[in-house]
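What follows is one structure encoded as structure tokens, with my remarks underneath.
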Amino acid sequence: MYQPFARKYRPQTFAAVLGQEHVTTTLQNAVRAGRLHHAYLFAGARGVGKTTVARLLAKALNCVDRGASVEPCNSCTSCEEIATGRSLDLQEIDGASHTGVDDVRALRERVNYLPAAGRHKIYIIDEVHMLSNAAFNALLKTLEEPPAHVIFVFATTEPEKIPLTILSRCQRYDFRRVPVARIVEALTSIAQTEEIAVGPDVLHAIAFEAEGSLRDAESLLDQATAFAGTTLTMGALAALLGFTDRQWLFSLVEQIIAKNGRAALATLATASQTGLNPPRLARDLLEIFRHLWILASCNDLPGCQDIPASETDRLRELASRAACPEFQQWFALAYRWADDIGRAKWPQLALEAMVLQMIQVGPAQSVEELLARVDELMGRPAPAAGEPVQETSPAPASPASWTTFLDTLRAAKPQFVSILEHGELLKADASGVELRYAKHSIYGEMLKEPGRSAQLTDLLQAHFGPSCRLVVTASETSSAEPAPEQAREAARQRQAAAHRAAVEHALVREASELFGAEITEIKTHEPT
């Protein structure tokens, strides 16, 4: 009878468990010393060995030939019955289908019975987080005072959903995702045993797709073998599972770096005909540009042991073709688009848009170059090479900078802002600021006070220039305020004029082009 790889090659000893040495070593030491806990919680991603280790613990505790041993013999009656699922002393319960309080009550009744043949009765509850709150409450009493012969092993992929009252009564072990390199080793051994002709690049692709789950990797290899026979190629894998062919993936990256839009779109079109998975490709591009960004920054790939050796040299060569800031921009774009492509109604079109936007990334400029360009636009001479940057006084402000002055004043002298906003601004430039207030206005009188007037003049000169003088006038009528509707219309006109002046200002246009920016909002301030 045919057995799937995931079952056929399930570890039968603690030593055969991959990537969980921190768990298996601790459990073996506990068995050796007789320091067994009555309840264990195994938490971790799917397919990393939680249930397998629970069964191995049951074997080790009930092994007939070796007694309570650090490794089961796998030949005695108890070990064979546990391996085939026939042991009466090992009860495996699916928490997803036994969620109710009645299921737990039935379990509480069974735990009082002595083991049928072994020394311990082991209960494995898989996906224990699926139990209802009432079921967890019903389980509490048994966990507090369990029979001496009973050991619980709870397995879960979502430990955060388990009540703290349960967690506090368990010894917790967190299972790690299996590294890609370890998965490749396991798949290589299986391929040799099964006489499957497969290259390391294909096995690496399967291991990477499994995302740390050895069981998923074994199932993917099983599925690929059923599809392509005993000779596996990357093309067959891509056709079956929607994997990205690494060769044309790197070709696409080269075309993006070279800003060859025609070739990049042609590559996407070809890939689409072979069953391209746009979200998967977006993630692969994100991964590649992440590696390139790290290489451009560190000239190395620390923490990237999962990259096959066949790709490392190619990544280094690609990293030499552009500057670090460009790789940063490409990574940011891929990161921003990856989620959108996964949710897009037309993911192929979104993918093409992402690639085209990546191709349009311009050469990155250093901060020094940008500042020098800003100095040029502002009419300031750039410092000579090696010359320290000198602090310069701000250039005399234009009339439109009254709003800027008020914003600056709002943080330093908010009491002045309220006074100024009650006046009507008639003029604001390097020669002076003129404000008109209603006849007998208390705000106008306040500005005429010598001390306050001198203080405000100093602030104006610091902003507009040393020649700026403050002029306060009074209107001929009893109020300087126009009618409400006229005031609103005047405000709208001033705001529209300020918007046009800001958008059309040469400095704003130059700065937008320099930084590749887009004007999305213009804020103006109107006196109240």
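In the structure tokens, the first chain shown is A, the next is B, and so on; residue numbers restart at 1 for each chain, and ligands run from 1 in the order shown.
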**Request:** Give me the residues within 7 Å of region 184-200 of chain A as a PyMOL selection string, counting only C-alpha atoms and dropping any in the same chain fewer than 4 places off.
**Result:** chain A and resi 180+204+207+218+230-233
Can you write out the residues you just picked, keeping N, CA and C atoms, as a PDB file, in the first residue's frame?
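For reference, part.pdb as written:
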ATOM      1  N   VAL A 180      15.531  26.368   5.845  1.00  0.00           N
ATOM      2  CA  VAL A 180      15.469  25.854   4.477  1.00  0.00           C
ATOM      3  C   VAL A 180      16.575  24.847   4.213  1.00  0.00           C
ATOM      4  N   HIS A 204      15.520  23.353  -3.344  1.00  0.00           N
ATOM      5  CA  HIS A 204      15.518  24.626  -2.603  1.00  0.00           C
ATOM      6  C   HIS A 204      14.208  25.369  -2.823  1.00  0.00           C
ATOM      7  N   ALA A 207      11.624  23.705  -0.689  1.00  0.00           N
ATOM      8  CA  ALA A 207      11.847  24.015   0.724  1.00  0.00           C
ATOM      9  C   ALA A 207      11.450  25.448   1.045  1.00  0.00           C
ATOM     10  N   GLU A 218       7.635  17.856   2.224  1.00  0.00           N
ATOM     11  CA  GLU A 218       7.532  16.455   1.798  1.00  0.00           C
ATOM     12  C   GLU A 218       6.292  16.231   0.944  1.00  0.00           C
ATOM     13  N   THR A 230       9.835  10.557 -11.968  1.00  0.00           N
ATOM     14  CA  THR A 230      11.046  10.517 -11.154  1.00  0.00           C
ATOM     15  C   THR A 230      12.129  11.472 -11.627  1.00  0.00           C
ATOM     16  N   THR A 231      11.816  12.330 -12.601  1.00  0.00           N
ATOM     17  CA  THR A 231      12.743  13.374 -13.043  1.00  0.00           C
ATOM     18  C   THR A 231      12.065  14.724 -12.878  1.00  0.00           C
ATOM     19  N   LEU A 232      12.571  15.508 -11.944  1.00  0.00           N
ATOM     20  CA  LEU A 232      11.943  16.795 -11.635  1.00  0.00           C
ATOM     21  C   LEU A 232      12.798  17.930 -12.158  1.00  0.00           C
ATOM     22  N   THR A 233      12.169  18.884 -12.831  1.00  0.00           N
ATOM     23  CA  THR A 233      12.841  20.094 -13.298  1.00  0.00           C
ATOM     24  C   THR A 233      12.113  21.311 -12.758  1.00  0.00           C
TER      25      THR A 233
END
**Message:** At a cut-off of 12 Å, using only C-alpha atoms, what residues contact His120 (chain A)? Leave out same-chain residues fewer than 4 positions from it and give the result as a ChimeraX atom specification.
**Reply:** /A:36,38,57-64,67-68,78,87-91,111-116,147-152
**Request:** Compile the contact shell of Glu209 (chain A) as a PyMOL selection string: residues with an atom at most 12 Å away, counting only C-alpha atoms, same-chain residues fewer than 2 positions apart removed.
**Result:** chain A and resi 179-180+183-184+202-207+211-221+237-238+241-244+280+283-284+306
**Message:** Can you tell me which residues surround Leu249 (chain A) at a distance of at most 12 Å, considering only C-alpha atoms, apart from same-chain residues fewer than 6 positions away, and format the answer as a count of residues only?
**Reply:** 23
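With CA of Arg46 (chain A) on one side and CA of Leu143 (chain A) on the other, the separation reads 25.3 Å.
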**Request:** May I have the residues within 6 Å of region 155-160 of chain A as a list in words, using only C-alpha atoms and disregarding those fewer than 3 positions away in the same chain?
**Result:** Leu41, Phe42, Ala43, Gly44, Ala45, Asp126, Glu127 and Val128 of chain A
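Our summary of the geometry notes that CA of Ala6 (chain A) is positioned 14.5 Å from CA of Thr84 (chain A).
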**Request:** Could you find all residues in region 111-238 of chain A that DSSP calls helix (DSSP H, G or I) from the backbone, and write them as an MDAnalysis selection string?
**Result:** chainID A and resid 128:130 133:144 159:161 164:167 180:193 200:209 214:228 234:238
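Picture a line from CA of Leu18 (chain A) to CA of Gly49 (chain A); it runs 8.2 Å.
Looking only at region 125-299 of chain A, the set that DSSP places in strand (DSSP E) from backbone geometry is Ile125, Asp126, Val150, Ile151, Phe152, Val153, Phe154, Ala155, Thr156, Gln171, Arg172, Tyr173, Asp174, Ala197, Val198, Thr231 and Leu232 of chain A.
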**Request:** Kindly indicate which residue among A:Ala266, A:Ala224, A:Ala134, A:Ala412 lies nearest to Ala239 (chain A), using only C-alpha atoms for the distances.
**Result:** A:Ala224
